[in-house]
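Okay, final_0.txt is below, compact mmCIF, C-alpha atoms and all ligand atoms:
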# COMPACT_ATOMS: atom_id res chain seq x y z
CA MET A 21 109.67 127.75 124.66
CA LYS A 22 106.09 126.76 123.91
CA LYS A 23 104.99 124.38 126.61
CA ILE A 24 101.99 122.12 127.12
CA THR A 25 101.46 120.22 130.35
CA VAL A 26 100.08 116.71 130.02
CA LYS A 27 98.15 115.83 133.15
CA THR A 28 97.28 112.21 133.77
CA LYS A 29 95.94 110.62 136.94
CA SER A 30 99.42 109.51 137.93
CA VAL A 31 101.81 112.17 136.60
CA GLU A 32 102.29 115.53 134.93
CA TYR A 33 104.91 116.27 132.32
CA PRO A 34 105.79 118.98 129.83
CA VAL A 35 105.71 118.81 126.05
CA LEU A 36 108.09 121.48 124.76
CA VAL A 37 107.85 122.63 121.16
CA GLU A 38 110.35 125.06 119.67
CA ARG A 39 112.65 125.57 116.75
CA GLY A 40 116.15 124.87 118.00
CA ALA A 41 114.94 122.91 121.05
CA LEU A 42 117.46 120.15 120.27
CA ALA A 43 120.29 122.42 121.42
CA GLN A 44 118.48 122.79 124.77
CA VAL A 45 117.97 119.07 125.40
CA GLY A 46 120.91 118.80 127.80
CA LYS A 47 119.81 121.75 129.90
CA ILE A 48 116.23 120.47 130.09
CA VAL A 49 117.20 116.88 130.90
CA ALA A 50 119.80 117.94 133.48
CA LYS A 51 117.06 119.51 135.59
CA MET A 52 114.97 116.35 135.54
CA LEU A 53 117.51 113.70 136.46
CA PRO A 54 116.51 111.61 139.50
CA SER A 55 119.99 111.96 141.05
CA LYS A 56 123.25 113.84 140.52
CA LYS A 57 124.84 110.55 139.50
CA SER A 58 122.16 109.69 136.94
CA ARG A 59 123.39 108.55 133.56
CA CYS A 60 121.47 108.81 130.31
CA PHE A 61 121.12 106.07 127.72
CA VAL A 62 120.27 107.49 124.32
CA ILE A 63 118.42 105.06 122.05
CA THR A 64 118.60 106.14 118.42
CA VAL A 65 118.96 104.91 114.83
CA ALA A 66 121.76 105.57 112.32
CA PRO A 67 119.86 107.94 109.97
CA VAL A 68 118.98 110.24 112.87
CA TRP A 69 122.31 110.01 114.63
CA THR A 70 124.29 110.69 111.44
CA LEU A 71 122.33 113.87 110.76
CA TRP A 72 121.73 115.19 114.25
CA GLY A 73 124.14 113.36 116.56
CA GLU A 74 126.66 116.21 116.72
CA THR A 75 124.07 118.77 117.85
CA PHE A 76 122.66 116.27 120.34
CA LYS A 77 126.09 115.39 121.78
CA LYS A 78 127.01 119.03 122.13
CA ALA A 79 123.76 119.79 123.93
CA LEU A 80 124.32 117.03 126.51
CA THR A 81 128.03 117.67 126.93
CA THR A 82 127.56 121.41 127.50
CA ALA A 83 125.01 120.64 130.22
CA LYS A 84 127.44 118.09 131.76
CA VAL A 85 125.01 115.21 131.35
CA ASP A 86 126.70 111.80 131.37
CA PHE A 87 125.43 109.76 128.42
CA THR A 88 125.93 106.59 126.41
CA VAL A 89 124.57 106.19 122.88
CA LEU A 90 122.96 102.89 121.90
CA GLU A 91 122.04 102.53 118.25
CA MET A 92 119.28 100.15 117.27
CA THR A 93 118.50 98.88 113.78
CA ASP A 94 116.32 101.29 111.81
CA GLY A 95 112.82 100.34 110.71
CA GLU A 96 109.57 98.85 111.94
CA ARG A 97 110.99 95.31 111.96
CA ALA A 98 113.34 96.29 114.76
CA LYS A 99 110.39 97.09 117.04
CA SER A 100 110.76 93.65 118.57
CA PHE A 101 111.52 91.76 121.77
CA ALA A 102 114.85 90.87 120.18
CA SER A 103 115.80 94.58 120.14
CA ILE A 104 114.63 95.01 123.73
CA GLU A 105 116.76 92.11 124.85
CA HIS A 106 119.78 93.34 122.92
CA LEU A 107 119.49 96.94 124.14
CA THR A 108 118.80 96.09 127.78
CA GLU A 109 121.76 93.66 127.81
CA ARG A 110 123.94 96.48 126.52
CA MET A 111 122.55 98.86 129.14
CA ALA A 112 123.29 96.37 131.91
CA ALA A 113 126.80 95.77 130.56
CA LYS A 114 127.41 99.54 130.64
CA GLY A 115 126.21 99.71 134.24
CA ALA A 116 122.77 101.28 133.81
CA ASP A 117 121.04 101.33 137.19
CA ARG A 118 117.76 102.45 138.76
CA ASN A 119 118.78 106.09 138.53
CA SER A 120 119.50 105.92 134.83
CA VAL A 121 117.32 107.72 132.31
CA VAL A 122 116.50 106.55 128.79
CA ILE A 123 116.33 109.18 126.04
CA ALA A 124 114.42 108.12 122.93
CA PHE A 125 115.89 110.04 119.99
CA GLY A 126 114.14 109.03 116.79
CA GLY A 127 110.76 108.45 115.18
CA GLY A 128 107.80 106.50 116.50
CA VAL A 129 109.66 103.20 116.27
CA VAL A 130 112.42 104.40 118.58
CA GLY A 131 109.92 106.15 120.86
CA ASP A 132 107.70 103.07 121.26
CA LEU A 133 110.57 100.66 121.75
CA ALA A 134 112.69 102.86 124.03
CA GLY A 135 109.57 103.67 126.06
CA PHE A 136 108.84 99.97 126.40
CA LEU A 137 112.34 99.07 127.48
CA ALA A 138 112.45 101.97 129.95
CA SER A 139 109.22 100.70 131.49
CA VAL A 140 110.70 97.26 132.15
CA TYR A 141 114.41 97.90 132.78
CA MET A 142 114.87 97.31 136.52
CA ARG A 143 111.06 97.46 136.75
CA GLY A 144 111.01 100.92 135.28
CA VAL A 145 113.32 103.86 134.73
CA PRO A 146 112.27 107.26 133.35
CA VAL A 147 112.24 108.05 129.64
CA VAL A 148 112.55 111.40 127.88
CA GLN A 149 111.07 111.50 124.38
CA VAL A 150 112.90 113.53 121.73
CA PRO A 151 110.80 112.75 118.63
CA THR A 152 112.39 113.34 115.22
CA THR A 153 109.55 112.61 112.79
CA LEU A 154 106.39 114.64 112.30
CA LEU A 155 104.28 111.59 113.21
CA ALA A 156 106.15 111.15 116.48
CA GLN A 157 106.04 114.88 117.33
CA VAL A 158 102.30 115.23 116.78
CA ASP A 159 101.24 111.82 118.04
CA ALA A 160 103.44 108.88 119.05
CA ALA A 161 105.70 110.59 121.61
CA ILE A 162 102.80 111.93 123.69
CA GLY A 163 100.49 109.80 125.78
CA GLY A 164 102.73 107.13 127.24
CA LYS A 165 101.77 104.22 125.00
CA THR A 166 104.78 102.02 124.34
CA GLY A 167 105.00 98.85 122.33
CA ALA A 168 106.63 96.24 120.21
CA ASN A 169 105.44 94.00 117.40
CA LEU A 170 104.93 90.26 117.40
CA ARG A 171 104.92 88.02 114.34
CA ALA A 172 101.16 87.80 114.86
CA GLY A 173 100.67 91.56 114.56
CA LYS A 174 101.76 95.10 115.28
CA ASN A 175 101.86 96.58 118.79
CA LEU A 176 100.55 93.39 120.39
CA VAL A 177 102.77 93.89 123.43
CA GLY A 178 103.39 97.11 125.29
CA THR A 179 102.95 99.16 128.42
CA PHE A 180 101.77 102.56 129.53
CA HIS A 181 104.83 104.54 130.61
CA GLN A 182 104.49 108.30 130.62
CA PRO A 183 107.69 110.18 129.77
CA LEU A 184 109.47 112.71 132.01
CA ALA A 185 109.21 115.18 129.15
CA VAL A 186 108.70 115.39 125.39
CA ILE A 187 110.99 117.77 123.51
CA SER A 188 109.99 118.53 119.90
CA ASP A 189 112.16 120.54 117.56
CA PRO A 190 110.58 121.30 114.14
CA GLU A 191 114.06 121.86 112.65
CA LEU A 192 114.64 118.12 112.88
CA LEU A 193 111.93 117.68 110.27
CA THR A 194 113.96 119.50 107.60
CA THR A 195 115.89 116.27 106.92
CA LEU A 196 112.91 113.91 106.96
CA PRO A 197 112.30 112.07 103.65
CA ASP A 198 109.41 113.71 101.76
CA ARG A 199 107.10 110.72 101.97
CA GLU A 200 107.57 110.39 105.74
CA PHE A 201 106.92 114.09 106.18
CA ARG A 202 103.69 114.06 104.17
CA ALA A 203 102.52 110.94 105.98
CA GLY A 204 102.81 112.88 109.24
CA LEU A 205 100.74 115.74 107.82
CA PHE A 206 97.73 113.43 107.53
CA GLU A 207 97.79 113.01 111.31
CA VAL A 208 97.78 116.81 111.54
CA ILE A 209 94.68 116.93 109.33
CA LYS A 210 93.15 114.28 111.59
CA SER A 211 93.75 116.36 114.71
CA GLY A 212 92.01 119.30 113.06
CA VAL A 213 89.00 117.26 111.98
CA ILE A 214 88.45 115.69 115.39
CA ARG A 215 89.02 118.66 117.64
CA ASP A 216 90.12 121.96 116.11
CA ARG A 217 88.40 123.83 113.31
CA LYS A 218 91.17 126.44 113.02
CA LEU A 219 93.83 123.77 112.70
CA PHE A 220 91.87 122.05 109.94
CA GLU A 221 91.52 125.38 108.14
CA VAL A 222 95.28 125.92 108.41
CA THR A 223 95.86 122.55 106.70
CA GLU A 224 93.47 123.68 103.96
CA SER A 225 94.88 127.17 103.43
CA GLU A 226 98.58 126.75 104.26
CA ARG A 227 99.27 123.65 102.23
CA LYS A 228 102.18 125.24 100.35
CA SER A 229 103.94 126.51 103.46
CA LEU A 230 103.39 123.24 105.27
CA LEU A 231 104.77 121.20 102.39
CA ALA A 232 107.73 123.60 102.19
CA ARG A 233 108.24 122.87 105.92
CA ASP A 234 107.98 126.52 106.84
CA GLN A 235 109.30 126.48 110.39
CA GLU A 236 106.95 128.99 111.88
CA ILE A 237 103.82 127.26 110.69
CA LEU A 238 105.20 123.83 111.51
CA GLU A 239 105.94 124.91 115.07
CA ARG A 240 102.37 126.11 115.36
CA VAL A 241 100.69 122.98 114.03
CA ILE A 242 102.94 120.67 116.08
CA TYR A 243 102.02 122.68 119.14
CA ASP A 244 98.30 122.47 118.31
CA CYS A 245 98.41 118.72 117.71
CA ALA A 246 100.40 118.16 120.89
CA ARG A 247 97.85 120.21 122.81
CA ILE A 248 94.99 118.19 121.35
CA LYS A 249 96.65 114.88 122.12
CA ALA A 250 97.46 116.11 125.63
CA GLU A 251 93.83 117.08 126.23
CA VAL A 252 92.53 113.74 125.07
CA VAL A 253 95.14 111.78 127.00
CA ALA A 254 94.49 113.80 130.16
CA ALA A 255 90.80 113.08 129.99
CA ASP A 256 91.30 109.46 129.27
CA GLU A 257 94.70 107.91 129.92
CA LYS A 258 93.86 104.27 129.33
CA GLU A 259 92.08 104.31 125.98
CA SER A 260 88.38 104.14 126.20
CA ASP A 261 85.84 106.67 125.06
CA LEU A 262 87.56 109.97 124.47
CA ARG A 263 90.83 108.46 123.32
CA ARG A 264 88.89 106.68 120.61
CA ILE A 265 88.37 109.94 118.72
CA LEU A 266 92.08 109.87 117.90
CA ASN A 267 91.23 106.87 115.75
CA PHE A 268 89.45 108.94 113.12
CA GLY A 269 90.46 107.38 109.79
CA HIS A 270 92.23 104.55 111.58
CA THR A 271 89.59 101.81 111.38
CA ILE A 272 89.90 101.49 107.62
CA GLY A 273 93.49 102.79 107.71
CA HIS A 274 94.67 99.90 109.90
CA ALA A 275 92.79 97.41 107.72
CA LEU A 276 94.47 98.79 104.58
CA GLU A 277 97.90 98.58 106.21
CA ALA A 278 97.36 95.02 107.40
CA ASP A 279 95.85 93.92 104.09
CA THR A 280 98.99 95.06 102.26
CA GLY A 281 101.39 93.47 104.75
CA TYR A 282 102.49 96.90 106.09
CA ARG A 283 104.59 97.36 102.96
CA HIS A 284 102.43 99.37 100.60
CA PHE A 285 101.40 102.36 102.75
CA LEU A 286 103.10 104.38 105.42
CA HIS A 287 100.81 104.58 108.43
CA GLY A 288 99.80 108.19 107.73
CA GLU A 289 99.04 107.37 104.10
CA ALA A 290 96.69 104.56 105.11
CA VAL A 291 95.07 106.95 107.58
CA ALA A 292 94.63 109.47 104.76
CA TRP A 293 92.56 106.95 102.80
CA GLY A 294 90.84 105.94 106.02
CA MET A 295 89.77 109.54 106.62
CA ALA A 296 88.41 109.84 103.08
CA ALA A 297 86.48 106.60 103.63
CA ALA A 298 85.20 107.76 107.03
CA ALA A 299 83.94 110.96 105.41
CA MET A 300 81.99 108.97 102.82
CA ILE A 301 80.69 106.52 105.40
CA GLY A 302 79.62 109.46 107.54
CA THR A 303 77.57 110.81 104.66
CA ALA A 304 75.99 107.41 103.98
CA VAL A 305 74.80 107.08 107.58
CA ARG A 306 73.81 110.77 107.74
CA LYS A 307 76.29 111.88 110.37
CA THR A 308 78.50 113.89 108.00
CA SER A 309 77.07 116.45 105.58
CA PRO A 310 78.06 115.97 101.92
CA GLU A 311 79.80 119.39 102.04
CA LEU A 312 81.91 118.43 105.04
CA ALA A 313 82.76 115.05 103.51
CA GLN A 314 83.87 116.81 100.34
CA ARG A 315 86.08 119.20 102.32
CA ILE A 316 87.77 116.33 104.14
CA VAL A 317 88.34 114.34 100.94
CA SER A 318 89.66 117.42 99.09
CA CYS A 319 92.00 118.32 101.91
CA VAL A 320 93.42 114.79 102.01
CA LEU A 321 93.86 114.62 98.23
CA ALA A 322 95.60 118.00 98.20
CA TYR A 323 98.49 116.32 100.04
CA SER A 324 98.88 113.61 97.39
CA PRO A 325 100.52 111.58 95.94
CA LEU A 326 99.20 108.61 97.84
CA PRO A 327 99.72 104.94 97.02
CA GLU A 328 96.84 103.29 95.16
CA VAL A 329 94.18 101.36 97.03
CA ASN A 330 93.93 97.85 95.60
CA SER A 331 92.52 95.87 98.52
CA ARG A 332 89.27 94.05 97.87
CA ALA A 333 86.34 95.66 99.64
CA GLU A 334 85.26 92.36 101.21
CA ASP A 335 88.77 91.77 102.60
CA ILE A 336 88.73 95.17 104.29
CA VAL A 337 85.28 94.50 105.77
CA ARG A 338 86.49 91.15 107.11
CA ARG A 339 89.59 92.72 108.64
CA ILE A 340 87.58 95.45 110.32
CA ARG A 341 85.37 92.84 111.94
CA GLY A 342 88.52 91.25 113.39
CA ASP A 343 89.95 94.62 114.56
CA LYS A 344 91.31 94.34 118.09
CA LYS A 345 89.45 97.53 118.97
CA ALA A 346 86.09 95.93 118.26
CA VAL A 347 84.26 95.53 121.55
CA ASP A 348 81.29 93.14 121.82
CA GLY A 349 81.65 92.47 118.10
CA LYS A 350 80.73 96.07 117.38
CA VAL A 351 83.06 98.12 115.25
CA HIS A 352 83.40 101.71 116.36
CA PHE A 353 83.65 104.26 113.60
CA VAL A 354 84.69 107.81 114.36
CA LEU A 355 82.61 110.05 112.10
CA ALA A 356 82.85 113.80 111.55
CA THR A 357 79.76 115.77 112.52
CA SER A 358 81.21 119.24 111.86
CA VAL A 359 84.72 120.61 111.43
CA GLY A 360 86.41 119.93 114.76
CA ARG A 361 83.69 117.61 116.09
CA VAL A 362 83.27 113.87 115.78
CA ALA A 363 80.95 111.21 117.12
CA ILE A 364 81.45 107.50 117.70
CA TYR A 365 79.04 105.35 115.75
CA ASN A 366 78.87 101.57 115.90
CA ARG A 367 76.09 100.65 113.52
CA VAL A 368 77.75 101.08 110.14
CA PRO A 369 76.45 98.32 107.82
CA ASP A 370 79.08 96.23 106.03
CA ASP A 371 77.88 97.24 102.59
CA VAL A 372 78.42 100.92 103.43
CA VAL A 373 82.02 100.14 104.36
CA ALA A 374 82.47 98.07 101.20
CA HIS A 375 81.11 100.87 99.07
CA ALA A 376 83.49 103.40 100.63
CA VAL A 377 86.46 101.13 99.88
CA GLN A 378 85.33 100.89 96.26
CA GLU A 379 85.23 104.68 96.16
CA LEU A 380 88.84 104.68 97.34
CA HIS A 381 89.78 102.47 94.37
CA TYR A 382 88.31 105.09 92.12
CA LEU A 383 89.74 108.14 93.96
CA SER A 384 93.22 106.65 94.14
CA ARG A 385 93.37 106.15 90.38
CA ASN A 386 92.24 109.64 89.42
N1 LIG D 401 102.74 105.23 120.92
C1 LIG D 401 101.81 105.77 120.17
O1 LIG D 401 100.84 106.35 120.66
C2 LIG D 401 101.94 105.71 118.68
C3 LIG D 401 101.10 106.48 117.87
C4 LIG D 401 101.29 106.43 116.49
C5 LIG D 401 102.29 105.63 115.94
N2 LIG D 401 103.09 104.88 116.75
C6 LIG D 401 104.16 104.03 116.19
O2 LIG D 401 105.10 104.85 115.52
C7 LIG D 401 105.78 104.05 114.56
C8 LIG D 401 105.99 104.84 113.29
O3 LIG D 401 106.76 105.98 113.58
P1 LIG D 401 107.40 106.89 112.43
O4 LIG D 401 106.43 107.14 111.38
O5 LIG D 401 108.03 108.03 113.12
O6 LIG D 401 108.48 105.92 111.75
P2 LIG D 401 110.02 105.60 112.06
O7 LIG D 401 110.34 105.77 113.48
O8 LIG D 401 110.31 104.29 111.43
O9 LIG D 401 110.78 106.73 111.22
C9 LIG D 401 110.63 106.78 109.84
C10 LIG D 401 111.99 106.87 109.11
O10 LIG D 401 112.48 108.20 109.21
C11 LIG D 401 113.84 108.20 109.68
N3 LIG D 401 114.01 109.44 110.43
C12 LIG D 401 113.49 109.74 111.64
N4 LIG D 401 113.74 111.02 111.96
C13 LIG D 401 114.44 111.54 110.93
C14 LIG D 401 114.97 112.83 110.65
N5 LIG D 401 114.79 113.85 111.50
N6 LIG D 401 115.63 113.01 109.49
C15 LIG D 401 115.79 111.98 108.61
N7 LIG D 401 115.29 110.76 108.80
C16 LIG D 401 114.63 110.54 109.95
C17 LIG D 401 113.93 106.94 110.50
O11 LIG D 401 115.26 106.53 110.64
C18 LIG D 401 113.06 105.97 109.69
O12 LIG D 401 113.81 105.42 108.64
C19 LIG D 401 104.96 102.80 114.38
O13 LIG D 401 105.67 101.71 114.94
C20 LIG D 401 103.69 103.07 115.14
O14 LIG D 401 103.14 101.91 115.71
C21 LIG D 401 102.93 104.92 118.10
ZN ZN D 402 97.86 107.19 113.53

What do you get writing this file as structure tokens?
Amino acid sequence: MKKITVKTKSVEYPVLVERGALAQVGKIVAKMLPSKKSRCFVITVAPVWTLWGETFKKALTTAKVDFTVLEMTDGERAKSFASIEHLTERMAAKGADRNSVVIAFGGGVVGDLAGFLASVYMRGVPVVQVPTTLLAQVDAAIGGKTGANLRAGKNLVGTFHQPLAVISDPELLTTLPDREFRAGLFEVIKSGVIRDRKLFEVTESERKSLLARDQEILERVIYDCARIKAEVVAADEKESDLRRILNFGHTIGHALEADTGYRHFLHGEAVAWGMAAAAMIGTAVRKTSPELAQRIVSCVLAYSPLPEVNSRAEDIVRRIRGDKKAVDGKVHFVLATSVGRVAIYNRVPDDVVAHAVQELHYLSRN
């Protein structure tokens, strides 16, 4: 099994990537349980459990792991304190104790919420992440960030709680809806742009195989993205300088998502437009060559269709100014300096941002 070790100041844990890994989950988890009497609480959602529950159950049963399945409501709206309360009450009623282990079996929503509840249940029990979306396998499940949404905004509450292990099986992605799958590919492109020239070139040259979900190539890119995230997280567990590079395309991406009430774009789609905008901004402030900007924009557009951009440029500028990641009133833009290298730049004039958003209007209609 392909294995990456994430090393943080406090802990070390493996990220395992392999086709068919789901069938090994029981064996892997069994070795990690804090005690022989440990019980597992599997947090999942109906779409995942219906498709993959049998394989999952068999894997745990064969390895003689005691488990209880707790389904939560599917969707971003369920990433709430209400779900945490409901799930932890059910855990307590079923006798979950300090030696229990939470297994998050789903996309980023399940991973964030199950990670959060594991970090607070009895002041913290371990969590194993078994991500089932491309976004979760390449990004959300690694790094220990957990969270829930408030009415006032997304991910406004959360904890850092590193998992015991992350187990990623590319076969799970064969049942992912097309739009969700493509949205995840934009995070793959992002990983290439920020840190790995070869990975970016694979997204350029292997578009057909990637879109066809060719298992061999998927396994490879998931592994590469996991390695990149692990490197960044290891260097910088609590989000400051290095971790910021993961936000390439996210400054404008987040603003586009918020401006459309989180209903118009999937996260990865907003990031796709954000990366195109960052490429153009980079050119305007002379950090990104026109050739590189063109390559990034072309690569993003090759994975279309993408929802149209209709937000007003001035609304996006205003939202970026209010971005929670703005420190000292300065907005940090991650800009590409060459393929696989980025720099943080905090002096982008508002009119340059506005102009890039207008370009997105044009690009998204052609
Ligand atoms: N913690 C982090 O570092 C981090 C990073 C990025 C994103 N996130 C969070 O991740 C969340 C988004 O995650 P997501 O994009 O995975 O969305 P998601 O968890 O909502 O999953 C998307 C949809 O796909 C379905 N699904 C999942 N796996 C499937 C499968 N194998 N086959 C068929 N259907 C399947 C789900 O039921 C859901 O309807 C957001 O809440 C975001 O804030 C967290
Ligand atoms: Zn993202």

Show which residues sit within 12 Å of stretch 137-143 of chain A, as a PyMOL selection string. Count all atoms listed in the file, and ignore same-chain residues fewer than 4 positions away. chain A and resi 60-63+99-112+115-124+130-133+147-149+164-168+177-184

Writing out the chosen residues with C-alpha atoms as a PDB file, in the coordinates of the input:
ATOM      1  CA  CYS A  60     121.470 108.810 130.310  1.00  0.00           C
ATOM      2  CA  PHE A  61     121.120 106.070 127.720  1.00  0.00           C
ATOM      3  CA  VAL A  62     120.270 107.490 124.320  1.00  0.00           C
ATOM      4  CA  ILE A  63     118.420 105.060 122.050  1.00  0.00           C
ATOM      5  CA  LYS A  99     110.390  97.090 117.040  1.00  0.00           C
ATOM      6  CA  SER A 100     110.760  93.650 118.570  1.00  0.00           C
ATOM      7  CA  PHE A 101     111.520  91.760 121.770  1.00  0.00           C
ATOM      8  CA  ALA A 102     114.850  90.870 120.180  1.00  0.00           C
ATOM      9  CA  SER A 103     115.800  94.580 120.140  1.00  0.00           C
ATOM     10  CA  ILE A 104     114.630  95.010 123.730  1.00  0.00           C
ATOM     11  CA  GLU A 105     116.760  92.110 124.850  1.00  0.00           C
ATOM     12  CA  HIS A 106     119.780  93.340 122.920  1.00  0.00           C
ATOM     13  CA  LEU A 107     119.490  96.940 124.140  1.00  0.00           C
ATOM     14  CA  THR A 108     118.800  96.090 127.780  1.00  0.00           C
ATOM     15  CA  GLU A 109     121.760  93.660 127.810  1.00  0.00           C
ATOM     16  CA  ARG A 110     123.940  96.480 126.520  1.00  0.00           C
ATOM     17  CA  MET A 111     122.550  98.860 129.140  1.00  0.00           C
ATOM     18  CA  ALA A 112     123.290  96.370 131.910  1.00  0.00           C
ATOM     19  CA  GLY A 115     126.210  99.710 134.240  1.00  0.00           C
ATOM     20  CA  ALA A 116     122.770 101.280 133.810  1.00  0.00           C
ATOM     21  CA  ASP A 117     121.040 101.330 137.190  1.00  0.00           C
ATOM     22  CA  ARG A 118     117.760 102.450 138.760  1.00  0.00           C
ATOM     23  CA  ASN A 119     118.780 106.090 138.530  1.00  0.00           C
ATOM     24  CA  SER A 120     119.500 105.920 134.830  1.00  0.00           C
ATOM     25  CA  VAL A 121     117.320 107.720 132.310  1.00  0.00           C
ATOM     26  CA  VAL A 122     116.500 106.550 128.790  1.00  0.00           C
ATOM     27  CA  ILE A 123     116.330 109.180 126.040  1.00  0.00           C
ATOM     28  CA  ALA A 124     114.420 108.120 122.930  1.00  0.00           C
ATOM     29  CA  VAL A 130     112.420 104.400 118.580  1.00  0.00           C
ATOM     30  CA  GLY A 131     109.920 106.150 120.860  1.00  0.00           C
ATOM     31  CA  ASP A 132     107.700 103.070 121.260  1.00  0.00           C
ATOM     32  CA  LEU A 133     110.570 100.660 121.750  1.00  0.00           C
ATOM     33  CA  VAL A 147     112.240 108.050 129.640  1.00  0.00           C
ATOM     34  CA  VAL A 148     112.550 111.400 127.880  1.00  0.00           C
ATOM     35  CA  GLN A 149     111.070 111.500 124.380  1.00  0.00           C
ATOM     36  CA  GLY A 164     102.730 107.130 127.240  1.00  0.00           C
ATOM     37  CA  LYS A 165     101.770 104.220 125.000  1.00  0.00           C
ATOM     38  CA  THR A 166     104.780 102.020 124.340  1.00  0.00           C
ATOM     39  CA  GLY A 167     105.000  98.850 122.330  1.00  0.00           C
ATOM     40  CA  ALA A 168     106.630  96.240 120.210  1.00  0.00           C
ATOM     41  CA  VAL A 177     102.770  93.890 123.430  1.00  0.00           C
ATOM     42  CA  GLY A 178     103.390  97.110 125.290  1.00  0.00           C
ATOM     43  CA  THR A 179     102.950  99.160 128.420  1.00  0.00           C
ATOM     44  CA  PHE A 180     101.770 102.560 129.530  1.00  0.00           C
ATOM     45  CA  HIS A 181     104.830 104.540 130.610  1.00  0.00           C
ATOM     46  CA  GLN A 182     104.490 108.300 130.620  1.00  0.00           C
ATOM     47  CA  PRO A 183     107.690 110.180 129.770  1.00  0.00           C
ATOM     48  CA  LEU A 184     109.470 112.710 132.010  1.00  0.00           C
TER      49      LEU A 184
END

Within 9 Å of ligand ZN 402 (chain D) (all atoms listed in the file), residues as a compact mmCIF listing (two decimals) with C-alpha atoms, keeping the file's coordinate frame:
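Okay, this is what ended up in result01.txt:
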# COMPACT_ATOMS: atom_id res chain seq x y z
CA LEU A 155 104.28 111.59 113.21
CA ASP A 159 101.24 111.82 118.04
CA ALA A 160 103.44 108.88 119.05
CA GLY A 204 102.81 112.88 109.24
CA PHE A 206 97.73 113.43 107.53
CA GLU A 207 97.79 113.01 111.31
CA LYS A 210 93.15 114.28 111.59
CA LEU A 266 92.08 109.87 117.90
CA ASN A 267 91.23 106.87 115.75
CA PHE A 268 89.45 108.94 113.12
CA GLY A 269 90.46 107.38 109.79
CA HIS A 270 92.23 104.55 111.58
CA GLY A 273 93.49 102.79 107.71
CA HIS A 274 94.67 99.90 109.90
CA HIS A 287 100.81 104.58 108.43
CA GLY A 288 99.80 108.19 107.73
CA ALA A 290 96.69 104.56 105.11
CA VAL A 291 95.07 106.95 107.58

Closest-contact table, chain A side, partner ligand LIG 401 (chain D), 9 Å, counting only C-alpha atoms and all ligand atoms, as CSV:
residue,atom,partner,partner_atom,distance
A:Thr64,CA,D:LIG401,O11,8.5
A:Val65,CA,D:LIG401,O11,5.8
A:Ala66,CA,D:LIG401,O11,6.8
A:Pro67,CA,D:LIG401,O11,4.9
A:Val68,CA,D:LIG401,C13,5.1
A:Trp69,CA,D:LIG401,C14,8.8
A:Leu71,CA,D:LIG401,N6,6.9
A:Trp72,CA,D:LIG401,N5,7.6
A:Thr93,CA,D:LIG401,O11,8.9
A:Asp94,CA,D:LIG401,O11,5.5
A:Gly95,CA,D:LIG401,O8,4.7
A:Glu96,CA,D:LIG401,O8,5.5
A:Arg97,CA,D:LIG401,O13,8.8
A:Lys99,CA,D:LIG401,O13,6.9
A:Phe125,CA,D:LIG401,N4,8.4
A:Gly126,CA,D:LIG401,N4,5.2
A:Gly127,CA,D:LIG401,O7,3.2
A:Gly128,CA,D:LIG401,O3,3.1
A:Val129,CA,D:LIG401,O7,3.9
A:Val130,CA,D:LIG401,O7,5.7
A:Gly131,CA,D:LIG401,N1,7.2
A:Asp132,CA,D:LIG401,N1,5.4
A:Leu133,CA,D:LIG401,O13,8.5
A:Gly135,CA,D:LIG401,N1,8.7
A:Pro151,CA,D:LIG401,N4,7.5
A:Thr152,CA,D:LIG401,N4,4.2
A:Thr153,CA,D:LIG401,N4,4.6
A:Leu154,CA,D:LIG401,O5,6.9
A:Leu155,CA,D:LIG401,O5,5.2
A:Ala156,CA,D:LIG401,O5,5.0
A:Gln157,CA,D:LIG401,O5,8.3
A:Val158,CA,D:LIG401,C4,8.9
A:Asp159,CA,D:LIG401,C3,5.3
A:Ala160,CA,D:LIG401,C2,3.5
A:Ala161,CA,D:LIG401,N1,6.2
A:Ile162,CA,D:LIG401,O1,6.6
A:Gly163,CA,D:LIG401,O1,6.2
A:Gly164,CA,D:LIG401,N1,6.6
A:Lys165,CA,D:LIG401,N1,4.3
A:Thr166,CA,D:LIG401,N1,5.1
A:Gly167,CA,D:LIG401,N1,6.9
A:Ala168,CA,D:LIG401,O13,7.7
A:Asn169,CA,D:LIG401,O13,8.1
A:Lys174,CA,D:LIG401,O14,7.0
A:Asn175,CA,D:LIG401,O14,6.3
A:Pro190,CA,D:LIG401,N5,9.0
A:Glu191,CA,D:LIG401,N5,8.1
A:Leu192,CA,D:LIG401,N5,4.5
A:Leu193,CA,D:LIG401,N5,4.9
A:Thr194,CA,D:LIG401,N5,6.9
A:Thr195,CA,D:LIG401,N6,4.2
A:Leu196,CA,D:LIG401,N6,3.8
A:Pro197,CA,D:LIG401,C15,6.1
A:Glu200,CA,D:LIG401,C9,6.3
A:Phe201,CA,D:LIG401,O10,8.6
A:Ala203,CA,D:LIG401,O4,7.7
A:Gly204,CA,D:LIG401,O4,7.1
A:Leu286,CA,D:LIG401,O4,7.4
A:His287,CA,D:LIG401,O4,6.8
A:Gly288,CA,D:LIG401,O4,7.6

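With atom CA of A:Leu326 on one side and atom CA of A:Leu380 on the other, the separation reads 11.1 Å.
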
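We find atom CA of A:Trp293 and atom CA of A:Ile340 to be spaced 14.6 Å apart.
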
How close does stretch 226-295 of chain A get to stretch 310-325 of chain A? List, as JSON lines, each residue of stretch 226-295 of chain A within 9 Å, its nearest atom pair and the distance in Å to one decimal, counting only C-alpha atoms.
{"residue": "A:Arg227", "atom": "CA", "partner": "A:Tyr323", "partner_atom": "CA", "distance": 7.7}
{"residue": "A:Leu231", "atom": "CA", "partner": "A:Tyr323", "partner_atom": "CA", "distance": 8.3}
{"residue": "A:Ala292", "atom": "CA", "partner": "A:Val320", "partner_atom": "CA", "distance": 6.1}
{"residue": "A:Trp293", "atom": "CA", "partner": "A:Val320", "partner_atom": "CA", "distance": 7.9}
{"residue": "A:Met295", "atom": "CA", "partner": "A:Ile316", "partner_atom": "CA", "distance": 7.5}
